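What follows is a single structure, written as structure tokens, with notes after it.
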Amino acid sequence: MKKVLAHKVAPLLAGMGLMFCSLTAQAAYPDKPIRLVVPFTPGGVTDVIARGVAQQMSKDLGQIIIVENKPGASGIIATDFVAKSAPDGYTVLLAAVGQAVVNNHLYKKLPYDPAQDLTAVSLVAEGQNVLVVNAKQSPFSTGQELIDHARAKPEDLTYASFGNGSSSHLSAAAFTTMANIDVIHAPYRGSAPAMTDLLGGHISFMFDSMGTAITHINANTVRPLAVSGPERSSLLPNVPTFAELGLDQGYNVTAWFGFHVSSGTPADIVERLSQSMKTVSENAEFVETFRRQGVDIISSTPAEYAEFLRQEDEKFGSLIKQADITLD
């Protein structure tokens with residue numbers, strides 16, 4: 001009788017043991033350091049956001065988050081690396097609009113499918129881009145003056161961007177498309193070299209991120225003419241939006257960033273990362289530090305971020321087609 005009972009109970013206990021181990025493994029996440037992959041070089045706005053948020057999330061998650069920069073190919077290298085990583089939540093991508101949406105419209109073939117190979121976790125940050133000109137050399141005091149000149153003299157003006165498909169490029173594309181002006185695009189490899197040429201008088205204007213432009217604006221080396229978002233910036237309350245310049249066709253462009261993990265990552269891990277970002281976004285002191293730099297720290301649920309991506313994909317797909325943005 002005892003042998004029969006043992007025979008029946010042993011599998012049950014084994015099953016319970018497996019169930020317990022499984023639950024323990026799930027509850028343990030994260031039980032080792034997390035790698036946060038940034039598609040750009042150190043020192044830029046994306047990198048600064050990544051390091052600040054990583055430090056705060058480490059406190060919440062109880063694990064170190066290591067920021068790893070993998071620049072190159074418009075962020076394709078970093079995005080592909082995360083898309084092909086193990087779906088365990090230990091490799092996370094901080095994507096900008098280019099990696100999350102735009103590259104899919106600019107490149108005929110990518111080594112990954114952003115819709116199928118990546119899972120949306122949460123929005124992380126958002127900031128406006130600002131149209132600036134050289135404060136000492138430019139004849140333009142308003143956005144309307146720049147538009148009037150460009151209409152009178154097509155291809156007389158040149159604008160810089162951080163590179164093809166960047167939020168800087170898209171802000172300028174939206175502006176020139178809605179204003180119906182023909183200007184020459186000069187793509188650079190980042191904000192710093194573009195700003196250097198603007199200050200040197202080699203280009204006419206550029207759209208820079210608020211976080212980096214505000215220093216030059218406060219130093220009176222560049223003059224702000226317009227902001228790319230739907231509302232005026234609290235840092236530049238006297239600078240108008242596209243709409244206030246009479247340019248309102250639904251192409252407001254902001255520089256936003258979000259977390260992604262590889263497809264197949266368990267939903268509870270995705271949710272844990274999303275909740276951690278929510279905790280960070282509720283840290284008033286941390287949020288204010290970035291707000292003073294022109295960056296809003298935000299968060300969302302995975303479902304909200306996925307819907308946001310769908311809307312942005314539709315908007316930028318339309319803009320890229322209308323502006324005839326292509327890569328050489």
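Ligands are numbered from 1 in the order shown, residues from 1 within each chain, and chains are lettered A, B, ... in the order they appear in the structure tokens.
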
*Could you pull the residues within 8 Å of range 140-149 of chain A, counting only C-alpha atoms, minus those fewer than 4 positions along the same chain, as a ChimeraX atom specification?*
/A:133,153,179,181,223,225-226,245

*Pick out the residues sitting within 6 Å of range 302-317 of chain A, and hand them over as a PyMOL selection string; count only C-alpha atoms, and ignore anything fewer than 6 positions along from it in its own chain.*
chain A and resi 101+120-122

_Counting only C-alpha atoms, the residue of A:Ile298, A:Ala135, A:Ala54, A:Ala174 that sits nearest Ala243 in chain A_ =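 Smallest distance to Ala243 in chain A is found for A:Ala174.
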
_Residue nearest Asp182 in chain A among A:Thr289, A:Thr46, A:Asn164, A:Thr158 (counting only C-alpha atoms)_ =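 Checking each of A:Thr289, A:Thr46, A:Asn164, A:Thr158 against Asp182 in chain A, counting only C-alpha atoms, the winner is A:Thr158.
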
_Residue nearest Gly258 in chain A - candidates A:Pro237, A:Gly98, A:Gly163, A:Gly62, atoms counted: only C-alpha atoms_ =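 For Gly258 in chain A, the nearest of the candidates is A:Gly98.
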
_Just want the 10 Å neighbourhood of range 231-234 of chain A, counted on only C-alpha atoms, with same-chain residues fewer than 2 positions away dropped. Output as a ChimeraX atom specification._
/A:127-130,210,226-229,236-244,252,291-292,294

Requested write-out: N, CA, C and O atoms of the selected residues, as a short mmCIF file (atom, residue, chain, number, x, y, z; two decimals), in the first residue's frame:
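What follows is the written file again-v4.cif:
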data_model
loop_
_atom_site.label_atom_id
_atom_site.label_comp_id
_atom_site.auth_asym_id
_atom_site.auth_seq_id
_atom_site.Cartn_x
_atom_site.Cartn_y
_atom_site.Cartn_z
N GLY A 127 10.86 65.27 -26.93
CA GLY A 127 11.32 66.65 -26.94
C GLY A 127 11.06 67.28 -28.29
O GLY A 127 10.95 66.59 -29.30
N GLN A 128 10.97 68.59 -28.31
CA GLN A 128 10.73 69.28 -29.56
C GLN A 128 12.05 69.56 -30.29
O GLN A 128 13.11 69.64 -29.67
N ASN A 129 11.95 69.73 -31.59
CA ASN A 129 13.05 70.27 -32.37
C ASN A 129 12.76 71.74 -32.63
O ASN A 129 11.60 72.15 -32.71
N VAL A 130 13.82 72.52 -32.75
CA VAL A 130 13.64 73.96 -32.92
C VAL A 130 14.41 74.44 -34.15
O VAL A 130 15.55 74.07 -34.38
N MET A 210 15.84 70.42 -28.85
CA MET A 210 15.76 71.48 -27.86
C MET A 210 16.88 71.35 -26.83
O MET A 210 17.46 72.35 -26.39
N ALA A 226 11.08 78.80 -34.84
CA ALA A 226 9.87 77.99 -34.73
C ALA A 226 10.20 76.69 -34.02
O ALA A 226 11.35 76.24 -34.03
N VAL A 227 9.18 76.09 -33.40
CA VAL A 227 9.33 74.77 -32.79
C VAL A 227 8.47 73.78 -33.54
O VAL A 227 7.44 74.13 -34.13
N SER A 228 8.88 72.52 -33.53
CA SER A 228 8.25 71.51 -34.38
C SER A 228 7.03 70.84 -33.76
O SER A 228 6.31 70.12 -34.44
N GLY A 229 6.83 71.02 -32.47
CA GLY A 229 5.73 70.33 -31.79
C GLY A 229 4.40 71.05 -31.93
O GLY A 229 4.33 72.16 -32.46
N LEU A 236 10.93 78.14 -24.45
CA LEU A 236 10.92 79.21 -25.45
C LEU A 236 9.48 79.68 -25.66
O LEU A 236 8.90 79.49 -26.74
N PRO A 237 8.89 80.30 -24.67
CA PRO A 237 7.45 80.65 -24.75
C PRO A 237 7.10 81.66 -25.83
O PRO A 237 5.94 81.78 -26.22
N ASN A 238 8.09 82.39 -26.35
CA ASN A 238 7.83 83.40 -27.37
C ASN A 238 8.07 82.91 -28.79
O ASN A 238 7.93 83.68 -29.74
N VAL A 239 8.45 81.64 -28.91
CA VAL A 239 8.74 81.08 -30.24
C VAL A 239 7.52 80.32 -30.75
O VAL A 239 7.02 79.42 -30.07
N PRO A 240 7.02 80.63 -31.95
CA PRO A 240 5.78 80.03 -32.46
C PRO A 240 5.95 78.59 -32.94
O PRO A 240 7.06 78.13 -33.21
N THR A 241 4.83 77.91 -33.06
CA THR A 241 4.79 76.55 -33.61
C THR A 241 4.59 76.63 -35.13
O THR A 241 4.35 77.71 -35.68
N PHE A 242 4.67 75.48 -35.78
CA PHE A 242 4.37 75.42 -37.22
C PHE A 242 2.98 75.99 -37.48
O PHE A 242 2.78 76.77 -38.43
N ALA A 243 2.03 75.58 -36.68
CA ALA A 243 0.64 75.99 -36.90
C ALA A 243 0.49 77.50 -36.83
O ALA A 243 -0.27 78.11 -37.59
N GLU A 244 1.22 78.11 -35.92
CA GLU A 244 1.13 79.57 -35.77
C GLU A 244 1.78 80.31 -36.93
O GLU A 244 1.54 81.50 -37.12
N ASN A 252 3.29 67.68 -37.29
CA ASN A 252 4.10 68.06 -36.15
C ASN A 252 5.09 66.92 -35.87
O ASN A 252 4.72 65.76 -35.81
N ARG A 291 13.62 68.15 -17.86
CA ARG A 291 12.74 69.18 -18.43
C ARG A 291 13.51 70.47 -18.68
O ARG A 291 13.29 71.17 -19.69
N ARG A 292 14.43 70.80 -17.77
CA ARG A 292 15.23 72.01 -17.93
C ARG A 292 16.17 71.91 -19.12
O ARG A 292 16.71 72.91 -19.57
N GLY A 294 15.04 70.53 -21.94
CA GLY A 294 14.17 70.43 -23.10
C GLY A 294 13.69 69.04 -23.41
O GLY A 294 13.20 68.78 -24.52
#

*Counting only C-alpha atoms, figure out which residue out of A:Ala219, A:Val132, A:Tyr90, A:Val295 gets nearest to Val48 in chain A.*
A:Val295

*List every residue of range 52-124 of chain A that DSSP, applied to the backbone, labels as helix (DSSP H, G or I), and write the result as a count of residues only.*
35

*Give the answer as one residue: which of A:Ile66, A:Ile184, A:Leu106, A:Val38 has the shortest atom-to-atom distance to Leu94 in chain A, using only C-alpha atoms?*
A:Val38

_I'd like to know which of A:Phe162, A:Phe259, A:Phe205, A:Phe286 is closest to Val92 in chain A, using only C-alpha atoms._
A:Phe259

*asked:* List the spatial neighbours of Ser161 in chain A as JSON, numbers by chain - criterion: any atom at most 12 Å away, only C-alpha atoms, same-chain residues fewer than 5 positions off excluded.
replied: {"A": [129, 130, 131, 132, 166, 167, 168, 169, 170, 171, 172, 173, 184, 185, 186, 187, 188, 189, 190, 191, 192, 193, 194, 195, 196, 197, 198, 203, 204, 205, 206, 207, 208, 209]}

*List every residue of range 117-151 of chain A that DSSP, applied to the backbone, labels as strand (DSSP E or B), and write the result as a PyMOL selection string.*
chain A and resi 118-134

*Just the residues within 10 Å of range 113-118 of chain A, please, counting only C-alpha atoms, with nothing from its chain fewer than 3 positions along; format it as a PyMOL selection string.*
chain A and resi 79-80+82-85+87+93+99-101+103-104+109-110+121+259-265+306+309-310

*With a distance cut-off of 10 Å and only C-alpha atoms, select the neighbouring residues of Lys278 in chain A, excluding the residue or stretch itself and same-chain residues fewer than 5 positions from it, and output the selection as a VMD selection string.*
chain A and resid 57 122 to 124 272 to 273 283 297 to 301

Would you put the residues from that selection into a file with all heavy atoms, as a PDB file, in the first residue's frame?
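In the end it all went to selection_29.pdb:
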ATOM      1  N   MET A  57      16.249  53.309 -13.305  1.00  0.00           N
ATOM      2  CA  MET A  57      15.616  51.994 -13.391  1.00  0.00           C
ATOM      3  C   MET A  57      16.393  50.934 -12.620  1.00  0.00           C
ATOM      4  O   MET A  57      15.812  49.982 -12.085  1.00  0.00           O
ATOM      5  CB  MET A  57      15.449  51.580 -14.855  1.00  0.00           C
ATOM      6  CG  MET A  57      14.353  52.328 -15.589  1.00  0.00           C
ATOM      7  SD  MET A  57      14.129  51.780 -17.303  1.00  0.00           S
ATOM      8  CE  MET A  57      13.507  50.115 -17.064  1.00  0.00           C
ATOM      9  N   SER A 122       7.725  50.608 -23.832  1.00  0.00           N
ATOM     10  CA  SER A 122       7.237  51.864 -23.265  1.00  0.00           C
ATOM     11  C   SER A 122       7.877  53.046 -23.969  1.00  0.00           C
ATOM     12  O   SER A 122       9.025  52.984 -24.416  1.00  0.00           O
ATOM     13  CB  SER A 122       7.574  51.939 -21.766  1.00  0.00           C
ATOM     14  OG  SER A 122       7.238  53.212 -21.219  1.00  0.00           O
ATOM     15  N   LEU A 123       7.133  54.127 -24.058  1.00  0.00           N
ATOM     16  CA  LEU A 123       7.742  55.398 -24.413  1.00  0.00           C
ATOM     17  C   LEU A 123       8.651  55.806 -23.259  1.00  0.00           C
ATOM     18  O   LEU A 123       8.391  55.451 -22.097  1.00  0.00           O
ATOM     19  CB  LEU A 123       6.683  56.468 -24.648  1.00  0.00           C
ATOM     20  CG  LEU A 123       6.030  56.484 -26.041  1.00  0.00           C
ATOM     21  CD1 LEU A 123       4.738  57.286 -26.023  1.00  0.00           C
ATOM     22  CD2 LEU A 123       7.002  57.059 -27.067  1.00  0.00           C
ATOM     23  N   VAL A 124       9.701  56.556 -23.562  1.00  0.00           N
ATOM     24  CA  VAL A 124      10.682  56.933 -22.544  1.00  0.00           C
ATOM     25  C   VAL A 124      10.833  58.452 -22.430  1.00  0.00           C
ATOM     26  O   VAL A 124      10.866  58.999 -21.324  1.00  0.00           O
ATOM     27  CB  VAL A 124      12.051  56.299 -22.858  1.00  0.00           C
ATOM     28  CG1 VAL A 124      13.134  56.821 -21.921  1.00  0.00           C
ATOM     29  CG2 VAL A 124      11.952  54.778 -22.773  1.00  0.00           C
ATOM     30  N   ARG A 272       7.023  44.258 -16.630  1.00  0.00           N
ATOM     31  CA  ARG A 272       7.904  44.684 -15.525  1.00  0.00           C
ATOM     32  C   ARG A 272       8.778  45.844 -15.966  1.00  0.00           C
ATOM     33  O   ARG A 272       8.967  46.818 -15.212  1.00  0.00           O
ATOM     34  CB  ARG A 272       8.785  43.504 -15.071  1.00  0.00           C
ATOM     35  CG  ARG A 272       9.725  43.864 -13.919  1.00  0.00           C
ATOM     36  CD  ARG A 272       8.970  44.098 -12.629  1.00  0.00           C
ATOM     37  NE  ARG A 272       9.841  44.538 -11.551  1.00  0.00           N
ATOM     38  CZ  ARG A 272      10.047  45.811 -11.215  1.00  0.00           C
ATOM     39  NH1 ARG A 272       9.453  46.780 -11.892  1.00  0.00           N
ATOM     40  NH2 ARG A 272      10.843  46.134 -10.204  1.00  0.00           N
ATOM     41  N   LEU A 273       9.315  45.786 -17.164  1.00  0.00           N
ATOM     42  CA  LEU A 273      10.129  46.879 -17.682  1.00  0.00           C
ATOM     43  C   LEU A 273       9.295  48.147 -17.868  1.00  0.00           C
ATOM     44  O   LEU A 273       9.739  49.253 -17.550  1.00  0.00           O
ATOM     45  CB  LEU A 273      10.767  46.472 -19.015  1.00  0.00           C
ATOM     46  CG  LEU A 273      11.896  45.438 -18.948  1.00  0.00           C
ATOM     47  CD1 LEU A 273      12.223  44.911 -20.343  1.00  0.00           C
ATOM     48  CD2 LEU A 273      13.137  46.046 -18.310  1.00  0.00           C
ATOM     49  N   ASN A 283       9.208  60.201 -10.855  1.00  0.00           N
ATOM     50  CA  ASN A 283      10.221  60.797 -10.003  1.00  0.00           C
ATOM     51  C   ASN A 283      10.342  62.277 -10.363  1.00  0.00           C
ATOM     52  O   ASN A 283      11.009  62.647 -11.332  1.00  0.00           O
ATOM     53  CB  ASN A 283      11.560  60.082 -10.204  1.00  0.00           C
ATOM     54  CG  ASN A 283      12.661  60.600  -9.293  1.00  0.00           C
ATOM     55  OD1 ASN A 283      12.691  61.769  -8.929  1.00  0.00           O
ATOM     56  ND2 ASN A 283      13.585  59.725  -8.926  1.00  0.00           N
ATOM     57  N   ILE A 297      10.492  63.420 -19.724  1.00  0.00           N
ATOM     58  CA  ILE A 297      10.550  61.996 -19.395  1.00  0.00           C
ATOM     59  C   ILE A 297       9.121  61.505 -19.238  1.00  0.00           C
ATOM     60  O   ILE A 297       8.355  62.031 -18.434  1.00  0.00           O
ATOM     61  CB  ILE A 297      11.353  61.753 -18.097  1.00  0.00           C
ATOM     62  CG1 ILE A 297      12.787  62.252 -18.267  1.00  0.00           C
ATOM     63  CG2 ILE A 297      11.334  60.281 -17.727  1.00  0.00           C
ATOM     64  CD1 ILE A 297      13.586  61.552 -19.349  1.00  0.00           C
ATOM     65  N   ILE A 298       8.745  60.492 -20.019  1.00  0.00           N
ATOM     66  CA  ILE A 298       7.368  60.005 -20.043  1.00  0.00           C
ATOM     67  C   ILE A 298       7.364  58.476 -19.967  1.00  0.00           C
ATOM     68  O   ILE A 298       8.416  57.843 -19.910  1.00  0.00           O
ATOM     69  CB  ILE A 298       6.636  60.467 -21.321  1.00  0.00           C
ATOM     70  CG1 ILE A 298       7.411  60.007 -22.570  1.00  0.00           C
ATOM     71  CG2 ILE A 298       6.466  61.972 -21.319  1.00  0.00           C
ATOM     72  CD1 ILE A 298       6.756  60.396 -23.885  1.00  0.00           C
ATOM     73  N   SER A 299       6.186  57.900 -19.974  1.00  0.00           N
ATOM     74  CA  SER A 299       6.062  56.437 -19.994  1.00  0.00           C
ATOM     75  C   SER A 299       4.725  56.067 -20.617  1.00  0.00           C
ATOM     76  O   SER A 299       3.875  56.929 -20.858  1.00  0.00           O
ATOM     77  CB  SER A 299       6.174  55.859 -18.575  1.00  0.00           C
ATOM     78  OG  SER A 299       5.084  56.292 -17.772  1.00  0.00           O
ATOM     79  N   SER A 300       4.543  54.781 -20.869  1.00  0.00           N
ATOM     80  CA  SER A 300       3.286  54.290 -21.427  1.00  0.00           C
ATOM     81  C   SER A 300       3.207  52.789 -21.182  1.00  0.00           C
ATOM     82  O   SER A 300       4.210  52.153 -20.842  1.00  0.00           O
ATOM     83  CB  SER A 300       3.208  54.570 -22.927  1.00  0.00           C
ATOM     84  OG  SER A 300       4.189  53.801 -23.618  1.00  0.00           O
ATOM     85  N   THR A 301       2.044  52.237 -21.380  1.00  0.00           N
ATOM     86  CA  THR A 301       1.924  50.784 -21.347  1.00  0.00           C
ATOM     87  C   THR A 301       2.423  50.233 -22.675  1.00  0.00           C
ATOM     88  O   THR A 301       2.509  50.969 -23.670  1.00  0.00           O
ATOM     89  CB  THR A 301       0.463  50.345 -21.142  1.00  0.00           C
ATOM     90  OG1 THR A 301      -0.290  50.732 -22.314  1.00  0.00           O
ATOM     91  CG2 THR A 301      -0.144  50.997 -19.906  1.00  0.00           C
TER      92      THR A 301
END

_Contacts of Ser58 in chain A within 12 Å, only C-alpha atoms, excl. fewer than 6 positions in-chain, as an MDAnalysis selection string_ = chainID A and resid 30:36 50:52 64:67 273 276:277 279:280
